[in-house]
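So this block is run-v7.cif, mmCIF, C-alpha atoms and all ligand atoms:
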data_data
#
loop_
_atom_site.label_atom_id
_atom_site.label_comp_id
_atom_site.auth_asym_id
_atom_site.auth_seq_id
_atom_site.Cartn_x
_atom_site.Cartn_y
_atom_site.Cartn_z
CA MET A 546 -52.09 -28.35 -59.51
CA ARG A 547 -50.57 -30.00 -62.56
CA VAL A 548 -46.88 -29.36 -63.26
CA VAL A 549 -45.64 -30.01 -66.79
CA SER A 550 -42.08 -29.39 -67.93
CA GLY A 551 -39.80 -30.51 -70.74
CA ILE A 552 -36.10 -30.40 -71.51
CA GLN A 553 -34.40 -30.85 -74.86
CA PRO A 554 -32.27 -33.98 -74.93
CA THR A 555 -29.00 -32.39 -75.86
CA GLY A 556 -26.49 -34.92 -74.58
CA SER A 557 -24.41 -34.33 -71.52
CA LEU A 558 -25.73 -32.26 -68.63
CA HIS A 559 -23.82 -29.74 -66.56
CA LEU A 560 -24.08 -28.20 -63.12
CA GLY A 561 -26.13 -25.28 -64.50
CA ASN A 562 -28.77 -27.66 -65.87
CA TYR A 563 -28.84 -29.47 -62.54
CA LEU A 564 -29.06 -26.47 -60.19
CA GLY A 565 -31.14 -24.36 -62.59
CA ALA A 566 -33.65 -26.94 -63.78
CA ILE A 567 -33.44 -30.59 -62.83
CA ARG A 568 -33.07 -30.20 -59.08
CA ASN A 569 -36.23 -28.10 -59.12
CA TRP A 570 -38.05 -30.84 -60.99
CA VAL A 571 -37.05 -33.30 -58.30
CA ARG A 572 -38.28 -30.91 -55.61
CA MET A 573 -41.60 -30.40 -57.38
CA GLN A 574 -42.00 -34.14 -57.73
CA ASP A 575 -41.54 -34.40 -53.97
CA SER A 576 -43.75 -31.45 -53.00
CA VAL A 577 -46.60 -31.26 -55.52
CA GLU A 578 -49.64 -33.39 -54.91
CA GLY A 579 -50.43 -35.66 -57.82
CA GLU A 580 -48.03 -36.71 -60.53
CA CYS A 581 -45.79 -34.29 -62.41
CA VAL A 582 -45.37 -34.66 -66.17
CA PHE A 583 -41.74 -34.46 -67.32
CA PHE A 584 -40.72 -35.07 -70.90
CA LEU A 585 -37.69 -35.11 -73.15
CA ALA A 586 -38.48 -32.64 -75.89
CA ASP A 587 -37.13 -34.70 -78.75
CA LEU A 588 -39.60 -33.29 -81.28
CA HIS A 589 -38.17 -29.88 -80.47
CA SER A 590 -34.72 -31.18 -81.28
CA LEU A 591 -35.80 -31.29 -84.96
CA SER A 592 -35.44 -27.51 -85.01
CA THR A 593 -31.71 -28.08 -85.54
CA HIS A 594 -30.13 -30.86 -87.57
CA GLU A 595 -28.77 -33.93 -85.82
CA ASP A 596 -28.16 -37.42 -87.16
CA ARG A 597 -30.37 -40.24 -85.91
CA ASP A 598 -27.74 -41.95 -83.74
CA THR A 599 -26.94 -38.73 -81.93
CA ARG A 600 -30.61 -38.01 -81.35
CA ARG A 601 -31.26 -41.49 -79.98
CA ALA A 602 -28.20 -41.45 -77.76
CA ASN A 603 -29.16 -38.02 -76.42
CA VAL A 604 -32.65 -39.16 -75.44
CA ARG A 605 -31.26 -42.13 -73.51
CA GLU A 606 -28.52 -40.07 -71.88
CA MET A 607 -30.96 -37.39 -70.75
CA ALA A 608 -33.45 -39.92 -69.41
CA ALA A 609 -30.66 -41.63 -67.46
CA ALA A 610 -29.46 -38.28 -66.10
CA LEU A 611 -32.93 -37.27 -64.94
CA ILE A 612 -33.46 -40.56 -63.14
CA ALA A 613 -29.96 -40.42 -61.67
CA ALA A 614 -30.71 -36.92 -60.39
CA GLY A 615 -33.83 -38.12 -58.59
CA ILE A 616 -36.78 -38.18 -60.98
CA ASP A 617 -38.71 -41.28 -60.02
CA PRO A 618 -40.49 -42.69 -63.08
CA LYS A 619 -43.00 -44.44 -60.83
CA ARG A 620 -44.17 -41.21 -59.22
CA SER A 621 -43.72 -38.86 -62.19
CA VAL A 622 -44.73 -39.39 -65.80
CA LEU A 623 -41.41 -39.46 -67.69
CA PHE A 624 -41.33 -39.96 -71.46
CA ASN A 625 -40.08 -38.64 -74.76
CA GLN A 626 -42.44 -36.50 -76.80
CA ALA A 627 -42.04 -38.42 -80.06
CA ARG A 628 -43.73 -41.48 -78.51
CA VAL A 629 -46.84 -39.46 -77.67
CA PRO A 630 -48.24 -38.40 -81.06
CA ALA A 631 -50.78 -36.12 -79.38
CA HIS A 632 -48.02 -33.49 -79.06
CA ALA A 633 -47.51 -33.23 -82.82
CA GLU A 634 -51.23 -33.52 -83.50
CA LEU A 635 -52.32 -30.80 -81.10
CA CYS A 636 -49.45 -28.63 -82.33
CA TRP A 637 -50.93 -28.80 -85.81
CA LEU A 638 -54.44 -28.01 -84.58
CA LEU A 639 -53.00 -24.93 -82.85
CA MET A 640 -51.27 -23.80 -86.05
CA GLY A 641 -54.60 -22.43 -87.20
CA THR A 642 -54.87 -20.34 -84.06
CA ALA A 643 -51.32 -19.03 -83.57
CA ARG A 644 -50.67 -15.77 -85.47
CA MET A 645 -47.57 -15.02 -87.52
CA GLY A 646 -47.27 -11.68 -85.77
CA TRP A 647 -47.15 -13.36 -82.36
CA LEU A 648 -44.35 -15.68 -83.43
CA ASN A 649 -42.48 -12.85 -85.14
CA ARG A 650 -42.18 -11.18 -81.75
CA MET A 651 -40.48 -14.12 -80.05
CA THR A 652 -37.02 -13.00 -78.97
CA GLN A 653 -35.70 -16.55 -78.67
CA PHE A 654 -36.23 -17.15 -82.38
CA LYS A 655 -34.46 -13.89 -83.17
CA ASP A 656 -31.56 -14.90 -80.89
CA LYS A 657 -31.28 -18.42 -82.23
CA ALA A 658 -31.80 -17.61 -85.90
CA GLY A 659 -29.56 -14.56 -85.77
CA LYS A 660 -28.72 -13.44 -89.28
CA ASN A 661 -29.76 -16.81 -90.71
CA ARG A 662 -33.51 -16.20 -90.52
CA GLU A 663 -34.18 -17.39 -94.05
CA GLY A 664 -32.12 -20.53 -93.54
CA SER A 665 -33.75 -21.45 -90.21
CA SER A 666 -36.09 -24.41 -90.01
CA VAL A 667 -39.82 -23.83 -89.77
CA ALA A 668 -39.60 -25.95 -86.60
CA LEU A 669 -37.38 -23.32 -84.98
CA PHE A 670 -39.91 -20.62 -85.85
CA ALA A 671 -42.93 -22.67 -84.75
CA TYR A 672 -41.20 -24.04 -81.64
CA PRO A 673 -43.41 -22.05 -79.24
CA VAL A 674 -46.57 -23.53 -80.82
CA LEU A 675 -45.34 -27.04 -80.03
CA GLN A 676 -44.48 -25.83 -76.54
CA ALA A 677 -48.05 -24.58 -76.18
CA ALA A 678 -49.33 -28.02 -77.22
CA ASP A 679 -46.91 -29.67 -74.75
CA VAL A 680 -48.48 -28.00 -71.75
CA LEU A 681 -52.10 -27.53 -72.91
CA LEU A 682 -52.44 -31.26 -73.59
CA TYR A 683 -52.08 -32.06 -69.89
CA ASN A 684 -54.10 -29.12 -68.55
CA ALA A 685 -50.94 -27.80 -66.95
CA THR A 686 -51.65 -25.27 -64.23
CA HIS A 687 -47.99 -24.57 -63.51
CA VAL A 688 -45.02 -24.58 -65.84
CA PRO A 689 -41.57 -24.05 -64.36
CA VAL A 690 -39.82 -21.55 -66.61
CA GLY A 691 -36.67 -19.52 -66.60
CA ASP A 692 -36.60 -15.89 -67.68
CA ASP A 693 -35.89 -16.87 -71.27
CA GLN A 694 -39.09 -18.91 -71.51
CA LYS A 695 -41.61 -16.48 -70.02
CA GLN A 696 -42.50 -15.07 -73.42
CA HIS A 697 -43.30 -18.54 -74.76
CA LEU A 698 -45.60 -19.26 -71.85
CA GLU A 699 -47.44 -15.98 -72.49
CA LEU A 700 -47.84 -17.13 -76.08
CA ALA A 701 -49.28 -20.47 -74.92
CA ARG A 702 -51.84 -18.53 -72.86
CA ASP A 703 -52.71 -16.34 -75.87
CA ILE A 704 -53.15 -19.40 -78.09
CA ALA A 705 -55.31 -21.12 -75.47
CA THR A 706 -57.48 -18.04 -75.00
CA LYS A 707 -57.98 -17.51 -78.73
CA PHE A 708 -58.73 -21.19 -79.39
CA ASN A 709 -61.29 -21.32 -76.57
CA GLY A 710 -62.85 -18.06 -77.84
CA ASP A 711 -62.82 -18.87 -81.57
CA PHE A 712 -64.41 -22.27 -81.11
CA GLY A 713 -66.64 -21.32 -78.19
CA VAL A 714 -65.25 -23.98 -75.86
CA ASP A 715 -63.82 -23.99 -72.39
CA LEU A 716 -61.18 -26.54 -73.27
CA PHE A 717 -57.73 -25.27 -72.46
CA THR A 718 -56.54 -24.36 -68.97
CA LEU A 719 -54.35 -21.24 -68.90
CA PRO A 720 -50.99 -22.31 -67.48
CA GLU A 721 -49.11 -20.10 -65.06
CA ALA A 722 -45.39 -19.62 -64.80
CA TYR A 723 -43.89 -21.27 -61.79
CA ILE A 724 -40.65 -19.60 -60.79
CA PRO A 725 -38.87 -21.95 -58.40
CA PRO A 726 -37.73 -20.18 -55.21
CA ALA A 727 -34.11 -21.23 -55.56
CA ALA A 728 -33.45 -21.29 -59.29
CA ALA A 729 -29.76 -20.53 -59.41
CA ARG A 730 -28.18 -19.12 -62.54
CA ILE A 731 -24.75 -20.66 -62.83
CA MET A 732 -22.07 -18.94 -64.85
CA SER A 733 -19.01 -20.20 -66.72
CA LEU A 734 -15.94 -21.07 -64.64
CA ARG A 735 -13.87 -19.24 -67.21
CA ASP A 736 -15.00 -15.69 -66.48
CA GLY A 737 -18.23 -15.70 -64.46
CA THR A 738 -20.01 -13.55 -67.05
CA ALA A 739 -21.33 -16.01 -69.65
CA LYS A 740 -23.82 -18.64 -68.55
CA MET A 741 -22.42 -22.11 -67.96
CA SER A 742 -23.39 -23.92 -71.15
CA LYS A 743 -22.64 -27.04 -73.11
CA SER A 744 -22.14 -24.83 -76.16
CA ASP A 745 -19.00 -23.33 -74.62
CA PRO A 746 -16.11 -24.95 -76.52
CA SER A 747 -13.98 -25.21 -73.38
CA ASP A 748 -14.82 -28.18 -71.19
CA MET A 749 -13.02 -26.42 -68.31
CA SER A 750 -15.76 -23.76 -68.30
CA ARG A 751 -18.33 -26.18 -66.92
CA ILE A 752 -18.77 -29.06 -64.52
CA ASN A 753 -20.53 -32.00 -66.14
CA LEU A 754 -22.65 -34.50 -64.25
CA THR A 755 -20.27 -37.16 -65.55
CA ASP A 756 -17.09 -35.51 -64.18
CA ASP A 757 -15.32 -37.55 -61.51
CA ALA A 758 -13.98 -36.11 -58.26
CA ASP A 759 -10.50 -35.46 -59.66
CA LEU A 760 -11.79 -33.60 -62.67
CA ILE A 761 -14.17 -31.53 -60.54
CA ALA A 762 -11.27 -30.59 -58.27
CA GLN A 763 -9.09 -29.69 -61.23
CA LYS A 764 -11.77 -27.50 -62.79
CA VAL A 765 -12.55 -25.64 -59.57
CA ARG A 766 -8.86 -25.06 -58.78
CA LYS A 767 -8.35 -23.64 -62.26
CA ALA A 768 -11.52 -21.51 -62.13
CA LYS A 769 -10.52 -17.90 -62.58
CA THR A 770 -10.70 -15.65 -59.52
CA ASP A 771 -9.24 -12.30 -58.50
CA GLN A 772 -6.59 -11.76 -55.83
CA ASP A 773 -8.76 -10.37 -53.03
CA VAL A 774 -10.12 -12.29 -50.08
CA LEU A 775 -13.85 -13.04 -50.06
CA PRO A 776 -15.99 -10.15 -48.79
CA SER A 777 -18.21 -10.61 -45.77
CA GLU A 778 -21.37 -9.33 -47.52
CA PRO A 779 -22.91 -9.94 -51.00
CA ALA A 780 -22.52 -6.22 -51.89
CA GLY A 781 -18.78 -6.86 -51.92
CA LEU A 782 -19.27 -9.25 -54.88
CA ALA A 783 -20.89 -6.64 -57.12
CA ASP A 784 -17.93 -6.16 -59.47
CA ARG A 785 -16.40 -9.59 -58.96
CA PRO A 786 -18.30 -11.97 -61.29
CA GLU A 787 -15.93 -14.93 -60.85
CA ALA A 788 -16.06 -14.77 -57.07
CA ARG A 789 -19.81 -14.20 -57.12
CA ASN A 790 -20.32 -17.26 -59.28
CA LEU A 791 -18.36 -19.56 -56.96
CA VAL A 792 -20.29 -18.21 -53.97
CA THR A 793 -23.57 -18.72 -55.85
CA ILE A 794 -22.62 -22.31 -56.59
CA PHE A 795 -21.66 -22.95 -52.97
CA ALA A 796 -24.90 -21.38 -51.74
CA ALA A 797 -27.06 -23.34 -54.18
CA LEU A 798 -25.37 -26.64 -53.29
CA SER A 799 -25.83 -26.10 -49.58
CA ASP A 800 -29.29 -24.56 -50.00
CA VAL A 801 -28.49 -21.32 -48.22
CA LYS A 802 -28.27 -17.70 -49.34
CA SER A 803 -24.98 -16.09 -50.38
CA ASP A 804 -25.04 -14.08 -47.11
CA ALA A 805 -24.67 -17.28 -45.14
CA VAL A 806 -21.75 -18.45 -47.29
CA LEU A 807 -20.00 -15.11 -46.88
CA ALA A 808 -20.70 -15.04 -43.15
CA GLU A 809 -18.62 -18.22 -43.00
CA PHE A 810 -15.95 -17.45 -45.61
CA GLY A 811 -15.70 -13.63 -45.54
CA GLY A 812 -12.02 -12.69 -45.17
CA SER A 813 -10.93 -16.14 -46.43
CA GLN A 814 -8.57 -16.69 -49.37
CA PHE A 815 -9.87 -18.60 -52.39
CA GLY A 816 -7.69 -21.64 -51.65
CA PRO A 817 -9.55 -22.85 -48.57
CA PHE A 818 -12.90 -21.73 -49.97
CA LYS A 819 -12.35 -23.69 -53.18
CA ALA A 820 -11.35 -26.76 -51.17
CA ARG A 821 -14.71 -26.68 -49.38
CA LEU A 822 -16.54 -25.99 -52.62
CA ILE A 823 -14.92 -29.06 -54.19
CA GLU A 824 -16.08 -31.17 -51.23
CA GLN A 825 -19.63 -29.88 -51.65
CA LEU A 826 -19.64 -30.51 -55.39
CA VAL A 827 -18.29 -34.02 -55.04
CA ALA A 828 -20.76 -34.84 -52.25
CA THR A 829 -23.70 -33.73 -54.42
CA LEU A 830 -22.57 -34.93 -57.82
CA SER A 831 -20.76 -38.21 -57.24
CA PRO A 832 -23.88 -40.22 -56.29
CA ILE A 833 -25.65 -38.81 -59.37
CA ARG A 834 -22.65 -39.69 -61.54
CA GLU A 835 -22.54 -43.27 -60.25
CA ARG A 836 -26.23 -43.85 -60.90
CA LEU A 837 -25.91 -42.25 -64.32
CA LEU A 838 -23.01 -44.49 -65.34
CA ASP A 839 -24.97 -47.55 -64.20
CA LEU A 840 -28.15 -46.52 -66.00
CA ARG A 841 -27.03 -45.08 -69.30
CA ASP A 842 -26.37 -48.41 -71.00
CA ASP A 843 -29.15 -50.25 -69.24
CA ALA A 844 -32.08 -51.52 -71.29
CA THR A 845 -34.43 -50.53 -68.47
CA ILE A 846 -34.18 -46.93 -69.75
CA ASP A 847 -36.08 -47.94 -72.88
CA ALA A 848 -38.70 -49.78 -70.83
CA ILE A 849 -39.12 -46.77 -68.52
CA LEU A 850 -39.64 -44.41 -71.46
CA GLU A 851 -42.05 -46.84 -73.08
CA SER A 852 -44.23 -47.12 -69.99
CA GLY A 853 -44.03 -43.36 -69.35
CA GLY A 854 -45.17 -42.81 -72.93
CA ALA A 855 -48.12 -45.15 -72.42
CA ARG A 856 -49.21 -43.21 -69.32
CA ALA A 857 -48.81 -39.88 -71.12
CA ARG A 858 -50.88 -41.06 -74.09
CA VAL A 859 -53.75 -41.86 -71.73
CA LEU A 860 -53.50 -38.46 -70.04
CA ALA A 861 -53.31 -36.56 -73.34
CA GLN A 862 -56.05 -38.30 -75.31
CA PRO A 863 -59.16 -36.60 -73.84
CA THR A 864 -57.76 -33.12 -74.54
CA LEU A 865 -56.75 -34.10 -78.04
CA ASP A 866 -60.17 -35.63 -78.77
CA ALA A 867 -61.89 -32.51 -77.48
CA ALA A 868 -59.65 -30.29 -79.63
CA TYR A 869 -60.50 -32.31 -82.77
CA ASP A 870 -64.15 -32.10 -81.85
CA ALA A 871 -64.03 -28.35 -81.23
CA THR A 872 -62.53 -27.71 -84.67
CA GLY A 873 -64.99 -30.01 -86.44
CA LEU A 874 -62.28 -32.42 -87.58
P1 LIG B 901 -27.37 -25.16 -72.41
O1 LIG B 901 -27.23 -23.66 -72.20
O2 LIG B 901 -26.24 -25.92 -71.80
O3 LIG B 901 -27.60 -25.44 -73.87
P2 LIG B 901 -30.16 -25.66 -72.17
O4 LIG B 901 -30.46 -24.39 -72.88
O5 LIG B 901 -30.37 -26.95 -72.89
O6 LIG B 901 -28.66 -25.59 -71.62
O7 LIG B 901 -31.00 -25.64 -70.83
C1 LIG B 901 -31.63 -26.75 -70.26
C2 LIG B 901 -32.23 -26.30 -68.93
O8 LIG B 901 -31.18 -25.97 -68.01
C3 LIG B 901 -33.09 -25.05 -69.01
O9 LIG B 901 -34.17 -25.19 -68.09
C4 LIG B 901 -32.19 -23.94 -68.60
O10 LIG B 901 -32.88 -22.85 -68.03
C5 LIG B 901 -31.28 -24.62 -67.57
N1 LIG B 901 -29.94 -24.03 -67.60
C6 LIG B 901 -29.05 -24.13 -68.63
N2 LIG B 901 -27.90 -23.52 -68.33
C7 LIG B 901 -28.05 -23.00 -67.08
C8 LIG B 901 -27.21 -22.24 -66.20
N3 LIG B 901 -25.97 -21.94 -66.56
N4 LIG B 901 -27.68 -21.90 -64.98
C9 LIG B 901 -28.95 -22.23 -64.62
N5 LIG B 901 -29.80 -22.94 -65.38
C10 LIG B 901 -29.37 -23.32 -66.60
NA NA B 902 -31.96 -22.55 -73.00
#

Is it possible to give me this structure as structure tokens?
Ligand code: ADP
Ligand code: NA
Amino acid sequence: MRVVSGIQPTGSLHLGNYLGAIRNWVRMQDSVEGECVFFLADLHSLSTHEDRDTRRANVREMAAALIAAGIDPKRSVLFNQARVPAHAELCWLLMGTARMGWLNRMTQFKDKAGKNREGSSVALFAYPVLQAADVLLYNATHVPVGDDQKQHLELARDIATKFNGDFGVDLFTLPEAYIPPAAARIMSLRDGTAKMSKSDPSDMSRINLTDDADLIAQKVRKAKTDQDVLPSEPAGLADRPEARNLVTIFAALSDVKSDAVLAEFGGSQFGPFKARLIEQLVATLSPIRERLLDLRDDATIDAILESGGARARVLAQPTLDAAYDATGL
């Protein structure tokens, strides 16, 4: 089993990123035999414009956050894509195999480009081809993906199959989606209906990994709720998105199902429930925050990424060589 996963370095991380993605990486690192490959998808960040200082700062910040959250760069291979040229090289080799029609069907491009299709970068359109290279390079068997990424993984399998077939090789392993058992989807504190996201203009809508205990408490107290007490069963949350979201967060933090949270808090007002939720959040996030603040300006981050890149280059080279050979280049 080889797990490979990447995340775009987009600056600050929030609770949704942690409970929906990063915590699962840490769990895979601890449960999968052999080393996991985790990378900062900085080449992917070229799909939208950013200035160089922002891009550099984002890579460092994301690396620090991952390590603070529990990724151990000694046990896992942690690096940024740009330092492993095999990603860009294999991506180009796969350009001859990927079909326009396949990419035209990608819903994420349609969502992200919106009405500005003509003004979108080629990188945004070809993004899934680079993603295919990202995982095929390391013979990934399992790729943790959310719902929104399943289509791209299917595309990676199609590209791998066609490349193997066209060139008569048995080179690429077909990666499978790995859906983590407890991948929580965390919603905005504002209304419980939009996903918690850094693109929400209101900082009160999300809890950031850098928020201190006071700010966490303030955000949770202000989180919108209705007037009713908490129900004693999940069915009672059906039409109550704000309440459901807070229960989901509590459940994810304490690693139990919503039923168990409601068994304890059913009939309770939001006041006491929020007080306990704040305690849980602070207990989970404050150690991460402290490590992150220590690490983010530390030169060891650069050294860690450099040595992770060196390990990744060694892992990627045989696949890249074989792909050049298969194509006759
Ligand atoms: P954002 O929406 O803040 O821009 P990204 O799209 O960069 O976040 O997502 C980075 C990772 O975090 C992805 O694996 C994504 O599935 C996960 N993620 C982002 N927001 C949430 C959320 N609200 N709940 C659960 N997982 C999330
Ligand atoms: Na996303």

Residues of chain A that have any atom at most 12 Å from an atom of ligand NA 902 (chain B): could you tabulate them with the shortest-distance atom pair and the distance in Å to one decimal, using all atoms listed in the file, ordered by chain and increasing number, as a tab-separated table?
residue	atom	partner	partner_atom	distance
A:Gly551	CA	B:NA902	NA	11.4
A:Ile552	CA	B:NA902	NA	9.0
A:Gln553	CA	B:NA902	NA	8.8
A:Pro554	CA	B:NA902	NA	11.6
A:Thr555	CA	B:NA902	NA	10.7
A:Gly561	CA	B:NA902	NA	10.7
A:Asn562	CA	B:NA902	NA	9.3
A:Gly565	CA	B:NA902	NA	10.6
A:Ala566	CA	B:NA902	NA	10.4
A:Gln653	CA	B:NA902	NA	9.1
A:Phe654	CA	B:NA902	NA	11.6
A:Asp656	CA	B:NA902	NA	11.0
A:Lys657	CA	B:NA902	NA	10.1
A:Val690	CA	B:NA902	NA	10.2
A:Gly691	CA	B:NA902	NA	8.5
A:Asp692	CA	B:NA902	NA	9.7
A:Asp693	CA	B:NA902	NA	7.1
A:Gln694	CA	B:NA902	NA	8.1
A:Lys695	CA	B:NA902	NA	11.8
A:Arg730	CA	B:NA902	NA	11.6
A:Lys740	CA	B:NA902	NA	10.1
A:Met741	CA	B:NA902	NA	10.8
A:Ser742	CA	B:NA902	NA	8.9
A:Lys743	CA	B:NA902	NA	10.3
A:Ser744	CA	B:NA902	NA	10.6

Residue nearest Leu782 (chain A) - candidates A:Ser803, A:Lys619, A:Ser590, A:Leu639, atoms counted: all atoms listed in the file: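 Nearest candidate to Leu782 (chain A) out of A:Ser803, A:Lys619, A:Ser590, A:Leu639: A:Ser803.
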
Shell of 8 Å around Ala643 (chain A), all atoms listed in the file, local chain residues under 5 positions omitted, as a PyMOL selection string: chain A and resi 648+674+704

Within 12 Å of file point (-69.9, -25.6, -75.6), counting all atoms listed in the file, expressed as a PyMOL selection string: chain A and resi 709-716+867-868+870-872

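What separates CA of Phe584 (chain A) from CA of Asp757 (chain A) is a distance of 27.2 Å.
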
12 Å contact set for region 567-578 of chain A, only C-alpha atoms, chain neighbours under 2 positions out, as a ChimeraX atom specification: /A:546-552,558-565,580-584,607-608,610-623,686-691,723-729,754,797-798,800,829-830,833
